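Just model-v5.cif here, mmCIF, C-alpha atoms:
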data_query
#
loop_
_atom_site.group_PDB
_atom_site.id
_atom_site.type_symbol
_atom_site.label_atom_id
_atom_site.label_comp_id
_atom_site.auth_asym_id
_atom_site.auth_seq_id
_atom_site.Cartn_x
_atom_site.Cartn_y
_atom_site.Cartn_z
ATOM 1 C CA MET A 25 15.383 50.177 123.710
ATOM 2 C CA TYR A 26 18.714 48.424 123.319
ATOM 3 C CA CYS A 27 21.925 50.421 123.249
ATOM 4 C CA PRO A 28 23.828 49.664 120.021
ATOM 5 C CA ASN A 29 27.096 50.370 121.880
ATOM 6 C CA CYS A 30 26.889 48.213 125.039
ATOM 7 C CA LYS A 31 23.690 46.211 124.301
ATOM 8 C CA ASN A 32 22.108 47.380 127.583
ATOM 9 C CA SER A 33 18.307 47.369 127.721
ATOM 10 C CA ASN A 34 17.189 50.920 128.503
ATOM 11 C CA LYS A 35 13.766 52.183 129.480
ATOM 12 C CA LYS A 36 11.576 53.453 126.686
ATOM 13 C CA GLY A 37 11.954 57.197 126.055
ATOM 14 C CA LYS A 38 15.542 57.488 127.344
ATOM 15 C CA GLU A 39 17.730 59.659 125.171
ATOM 16 C CA TYR A 40 21.042 58.292 126.531
ATOM 17 C CA CYS A 41 22.112 54.787 127.610
ATOM 18 C CA GLU A 42 21.956 54.406 131.381
ATOM 19 C CA ILE A 43 25.201 52.366 131.391
ATOM 20 C CA CYS A 44 27.555 53.861 128.789
ATOM 21 C CA GLY A 45 25.920 57.231 128.006
ATOM 22 C CA TYR A 46 25.645 56.506 124.288
ATOM 23 C CA LYS A 47 23.035 58.684 122.527
ATOM 24 C CA LEU A 48 20.048 56.530 121.643
ATOM 25 C CA VAL A 49 17.805 57.129 118.640
ATOM 26 C CA LEU A 50 14.210 57.250 119.662
ATOM 27 C CA ASN A 51 11.414 55.860 117.563
ATOM 28 C CA HIS A 52 9.690 58.722 115.819
ATOM 29 C CA PRO A 53 7.822 57.171 112.876
ATOM 30 C CA GLU A 54 6.412 60.574 111.915
ATOM 31 C CA ARG A 55 10.005 61.774 111.278
ATOM 32 C CA GLY A 56 11.066 58.571 109.537
ATOM 33 C CA GLU A 57 13.178 57.343 112.482
ATOM 34 C CA THR A 58 12.945 53.657 113.260
ATOM 35 C CA GLY A 59 15.219 53.314 116.253
ATOM 36 C CA LYS A 60 18.266 52.381 114.155
ATOM 37 C CA ASN A 61 21.573 54.094 114.755
ATOM 38 C CA THR A 62 22.355 57.251 112.768
ATOM 39 C CA HIS A 63 25.903 56.102 111.953
ATOM 40 C CA LYS A 64 24.589 54.475 108.776
ATOM 41 C CA LYS A 65 23.136 57.792 107.613
ATOM 42 C CA THR A 66 26.416 59.539 108.383
ATOM 43 C CA LYS A 67 28.366 56.908 106.437
ATOM 44 C CA ASN A 68 25.959 57.235 103.494
ATOM 45 C CA LEU A 69 26.333 61.017 103.473
ATOM 46 C CA LEU A 70 30.108 60.702 103.623
ATOM 47 C CA THR A 71 30.004 58.253 100.711
ATOM 48 C CA TYR A 72 27.893 60.688 98.696
ATOM 49 C CA PHE A 73 30.283 63.559 99.441
ATOM 50 C CA ILE A 74 33.296 61.485 98.409
ATOM 51 C CA ALA A 75 31.537 60.323 95.233
ATOM 52 C CA GLY A 76 30.599 63.928 94.477
ATOM 53 C CA ASP A 77 34.213 65.026 94.953
ATOM 54 C CA VAL A 78 35.405 62.278 92.610
ATOM 55 C CA VAL A 79 32.864 63.282 89.957
ATOM 56 C CA LEU A 80 33.882 66.942 90.311
ATOM 57 C CA PHE A 81 37.568 66.014 89.994
ATOM 58 C CA VAL A 82 36.890 63.930 86.864
ATOM 59 C CA CYS A 83 34.912 66.826 85.345
ATOM 60 C CA LEU A 84 37.794 69.215 86.020
ATOM 61 C CA VAL A 85 40.302 66.812 84.439
ATOM 62 C CA VAL A 86 38.082 66.439 81.352
ATOM 63 C CA MET A 87 37.749 70.239 81.079
ATOM 64 C CA VAL A 88 41.530 70.679 81.269
ATOM 65 C CA ILE A 89 42.052 68.016 78.583
ATOM 66 C CA LEU A 90 39.471 69.668 76.324
ATOM 67 C CA LEU A 91 41.082 73.079 76.784
ATOM 68 C CA VAL A 92 44.551 71.706 76.013
ATOM 69 C CA ASN A 93 43.231 69.926 72.892
ATOM 70 C CA ARG A 94 41.455 73.084 71.790
ATOM 71 C CA GLN A 95 44.721 74.995 72.176
ATOM 72 C CA ASN A 96 46.524 72.323 70.121
ATOM 73 C CA VAL A 97 43.872 72.590 67.382
ATOM 74 C CA ASN A 98 44.269 76.377 67.372
ATOM 75 C CA ASN A 99 48.062 75.997 67.153
ATOM 76 C CA GLU A 100 47.726 73.510 64.279
ATOM 77 C CA LYS A 101 45.349 75.867 62.486
ATOM 78 C CA LEU A 102 47.820 78.720 62.948
ATOM 79 C CA GLU A 103 50.703 76.516 61.687
ATOM 80 C CA TYR A 104 48.608 75.545 58.642
ATOM 81 C CA GLU A 105 47.953 79.223 57.854
ATOM 82 C CA VAL A 106 51.669 80.033 58.210
ATOM 83 C CA ILE A 107 52.539 77.161 55.839
ATOM 84 C CA GLN A 108 49.974 78.458 53.351
ATOM 85 C CA GLN A 109 51.518 81.930 53.477
ATOM 86 C CA TYR A 110 54.967 80.419 52.934
ATOM 87 C CA CYS A 111 53.747 78.493 49.876
ATOM 88 C CA LEU A 112 51.960 81.548 48.478
ATOM 89 C CA GLN A 113 55.201 83.495 48.202
ATOM 90 C CA PHE A 114 56.050 81.319 45.186
ATOM 91 C CA ALA A 115 52.800 82.266 43.424
ATOM 92 C CA LYS A 116 53.868 85.926 43.260
ATOM 93 C CA ASP A 117 56.163 85.279 40.300
ATOM 94 C CA TYR A 118 53.823 83.659 37.823
ATOM 95 C CA VAL A 119 54.069 83.748 34.051
ATOM 96 C CA VAL A 120 51.125 83.892 31.660
ATOM 97 C CA VAL A 121 51.721 81.020 29.232
ATOM 98 C CA SER A 122 48.707 81.467 26.964
ATOM 99 C CA THR A 123 45.115 82.568 26.758
ATOM 100 C CA THR A 124 42.369 80.116 25.895
ATOM 101 C CA GLU A 125 39.422 80.735 23.562
ATOM 102 C CA ASP A 126 37.108 81.324 26.517
ATOM 103 C CA ASN A 127 39.446 84.121 27.770
ATOM 104 C CA LYS A 128 40.968 82.094 30.575
ATOM 105 C CA SER A 129 44.670 82.507 31.117
ATOM 106 C CA LEU A 130 46.972 79.570 31.479
ATOM 107 C CA ILE A 131 49.666 80.527 33.963
ATOM 108 C CA SER A 132 52.785 78.822 35.248
ATOM 109 C CA VAL A 133 54.432 79.053 38.652
ATOM 110 C CA THR A 134 57.896 77.671 39.358
ATOM 111 C CA ALA A 135 57.979 76.463 42.951
ATOM 112 C CA PRO A 136 59.469 73.695 45.068
ATOM 113 C CA ASP A 137 58.135 70.224 44.367
ATOM 114 C CA PHE A 138 55.891 70.034 47.415
ATOM 115 C CA SER A 139 54.993 66.404 46.746
ATOM 116 C CA SER A 140 58.627 65.300 47.080
ATOM 117 C CA ILE A 141 59.024 67.540 50.143
ATOM 118 C CA VAL A 142 56.116 65.819 51.880
ATOM 119 C CA VAL A 143 57.578 62.414 50.990
ATOM 120 C CA LYS A 144 60.970 63.408 52.430
ATOM 121 C CA LEU A 145 59.404 64.704 55.630
ATOM 122 C CA SER A 146 57.371 61.542 56.045
ATOM 123 C CA GLU A 147 60.466 59.373 55.427
ATOM 124 C CA GLU A 148 62.236 61.354 58.162
ATOM 125 C CA GLY A 149 59.217 60.868 60.421
ATOM 126 C CA LYS A 150 58.714 64.636 60.772
ATOM 127 C CA GLN A 151 55.529 66.658 60.767
ATOM 128 C CA ILE A 152 54.954 69.291 58.119
ATOM 129 C CA THR A 153 55.748 72.557 59.861
ATOM 130 C CA GLU A 154 56.949 75.837 58.438
ATOM 131 C CA LYS A 155 60.418 75.241 59.885
ATOM 132 C CA GLU A 156 60.727 71.763 58.342
ATOM 133 C CA LEU A 157 59.277 72.961 55.038
ATOM 134 C CA LYS A 158 61.832 75.784 54.810
ATOM 135 C CA ARG A 159 64.653 73.388 55.741
ATOM 136 C CA ILE A 160 63.771 70.874 53.011
ATOM 137 C CA VAL A 161 63.250 73.649 50.419
ATOM 138 C CA SER A 162 66.645 75.186 51.195
ATOM 139 C CA GLU A 163 68.393 71.789 51.139
ATOM 140 C CA ASN A 164 66.787 70.947 47.786
ATOM 141 C CA ALA A 165 66.682 74.375 46.128
ATOM 142 C CA SER A 166 67.278 72.876 42.696
ATOM 143 C CA GLU A 167 64.239 70.581 42.928
ATOM 144 C CA THR A 168 61.486 72.732 41.483
ATOM 145 C CA LYS A 169 58.356 72.009 39.579
ATOM 146 C CA GLU A 170 56.239 73.908 37.086
ATOM 147 C CA TYR A 171 52.682 74.253 38.345
ATOM 148 C CA THR A 172 50.397 75.115 35.441
ATOM 149 C CA PHE A 173 46.764 76.079 35.854
ATOM 150 C CA SER A 174 44.141 78.391 34.419
ATOM 151 C CA VAL A 175 42.542 81.458 35.960
ATOM 152 C CA ASP A 176 39.850 83.849 34.817
ATOM 153 C CA ASN A 177 41.737 87.017 35.645
ATOM 154 C CA THR A 178 45.532 87.228 35.921
ATOM 155 C CA GLU A 179 45.224 90.627 37.595
ATOM 156 C CA ASP A 180 43.312 89.109 40.509
ATOM 157 C CA ARG A 181 46.148 88.110 42.846
ATOM 158 C CA GLU A 182 43.763 86.326 45.266
ATOM 159 C CA GLU A 183 42.408 84.115 42.489
ATOM 160 C CA VAL A 184 45.932 83.171 41.364
ATOM 161 C CA GLU A 185 46.949 82.350 44.944
ATOM 162 C CA HIS A 186 43.761 80.401 45.598
ATOM 163 C CA VAL A 187 44.091 78.285 42.455
ATOM 164 C CA PHE A 188 47.815 77.714 43.150
ATOM 165 C CA LEU A 189 47.013 76.382 46.651
ATOM 166 C CA GLU A 190 44.280 74.191 45.164
ATOM 167 C CA GLN A 191 46.790 72.817 42.640
ATOM 168 C CA ILE A 192 49.319 71.974 45.377
ATOM 169 C CA SER A 193 46.631 70.395 47.572
ATOM 170 C CA TYR A 194 45.246 68.377 44.656
ATOM 171 C CA GLU A 195 48.681 66.988 43.737
ATOM 172 C CA LEU A 196 49.460 66.132 47.360
ATOM 173 C CA MET A 197 46.124 64.331 47.643
ATOM 174 C CA LEU A 198 46.821 62.355 44.427
ATOM 175 C CA ASP A 199 50.264 61.383 45.728
ATOM 176 C CA ALA A 200 48.745 60.230 49.014
ATOM 177 C CA VAL A 201 46.204 58.085 47.136
ATOM 178 C CA ARG A 202 48.932 56.638 44.883
ATOM 179 C CA ASN A 203 51.115 55.839 47.889
ATOM 180 C CA THR A 204 48.188 54.215 49.688
ATOM 181 C CA GLU A 205 47.331 52.100 46.627
ATOM 182 C CA TYR A 206 50.994 51.103 46.253
ATOM 183 C CA VAL A 207 51.263 50.080 49.904
ATOM 184 C CA GLU A 208 47.973 48.153 49.754
ATOM 185 C CA SER A 209 48.854 46.326 46.524
ATOM 186 C CA GLY A 210 52.404 45.744 47.715
ATOM 187 C CA SER A 211 51.279 44.273 51.018
ATOM 188 C CA GLY A 212 48.922 41.837 49.263
ATOM 189 C CA ASP A 213 51.743 40.328 47.178
ATOM 190 C CA SER A 214 53.751 39.052 50.160
#
Just give me the structure of the file as structure tokens.
Amino acid sequence: MYCPNCKNSNKKGKEYCEICGYKLVLNHPERGETGKNTHKKTKNLLTYFIAGDVVLFVCLVVMVILLVNRQNVNNEKLEYEVIQQYCLQFAKDYVVVSTTEDNKSLISVTAPDFSSIVVKLSEEGKQITEKELKRIVSENASETKEYTFSVDNTEDREEVEHVFLEQISYELMLDAVRNTEYVESGSGDS
């Protein structure tokens, strides 16, 4: 058997090289050994361990990113609920305008013009947060709008609030569509 270290020819069955003392791998076909050096196996194992560590590290990074994003989503949801509560304070002072033939009540709420507020915030490049909403409302206190809608029961405060939020959301959505159509038609003319 040749020594992979010093290339000396050793007698068959020797465990160590007679010249340099290097540990020789004996042929044991029943154990899968073929006389090749075990350094290759060690290098392969080391490569697998390093690859495993890299995969583990990547998994940990992905988990951290997902947790941070989940926290951001929860914060955005909380901010949205706070904004809703802020808007609902205006629905407390509603006026019954009339009653329809099918016993629905037409009510009116005087509140800030939320459509123009959203436009102003977007022109300033700011996100809609409670703080920014309150700032714009206080700076433009005179800019109000009459929101008129019908409800089944004027005594049901939750129904009035729900329909008021729907009205605001609907108008904001219409404004967004109008603005999108304007931008698209305006960009085609140039």
Name the residues that the PyMOL selection byres ((chain A and resi 122) around 12) pulls out of this structure, and write them as a list in words.
->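 On the file shown, the PyMOL selection byres ((chain A and resi 122) around 12) covers Val119, Val120, Val121, Thr123, Thr124, Glu125, Asp126, Asn127, Lys128, Ser129, Leu130, Ile131, Ser132, Thr172, Phe173, Ser174, Val175 and Thr178 of chain A.
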Find the axis-aligned box for region 143-162 of chain A, covering all its listed atoms and adding 6 Å on each side, and write its centre and edge lengths in Å to one decimal as JSON.
{"center_x": 60.8, "center_y": 67.6, "center_z": 55.6, "size_x": 23.7, "size_y": 28.5, "size_z": 22.4}
Spatial neighbours of Leu112 (chain A), max dist 9 Å, all atoms listed in the file, sep filter under 6 positions, as a list in words = Glu185, His186, Phe188 and Leu189 of chain A
For Ser193 (chain A), list every protein, DNA or RNA residue within 12 Å, evaluated using only C-alpha atoms, and leave out those in the same chain fewer than 6 positions away; present the list as a ChimeraX atom specification.
-> /A:108,111,137-139,142,171,186-187,199-200
Restricting the calculation to only C-alpha atoms, which member of A:Arg181, A:Lys169, A:Lys47, A:Lys144 is positioned closest to Ala115 (chain A)?
-> A:Arg181
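CA of Ile152 (chain A) to CA of Tyr194 (chain A) spans 16.6 Å [interatomic distance, one decimal].
Selection by the PyMOL selection byres ((chain A and resi 164) around 12) on the present file picks out Ala135, Pro136, Asp137, Phe138, Ser140, Ile141, Lys144, Leu157, Lys158, Arg159, Ile160, Val161, Ser162, Glu163, Ala165, Ser166, Glu167, Thr168 and Lys169 of chain A.
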Point out the residue among A:Cys27, A:Asn34, A:Glu105, A:Phe73 with the least atom-to-atom distance to Tyr46 (chain A), counting only C-alpha atoms.
->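 Checking each of A:Cys27, A:Asn34, A:Glu105, A:Phe73 against Tyr46 (chain A), counting only C-alpha atoms, the winner is A:Cys27.
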Atom-to-atom span, CA of Tyr104 (chain A) and CA of Val88 (chain A), Å =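 Spanning CA of Tyr104 (chain A) to CA of Val88 (chain A) is a straight-line distance of 24.2 Å.
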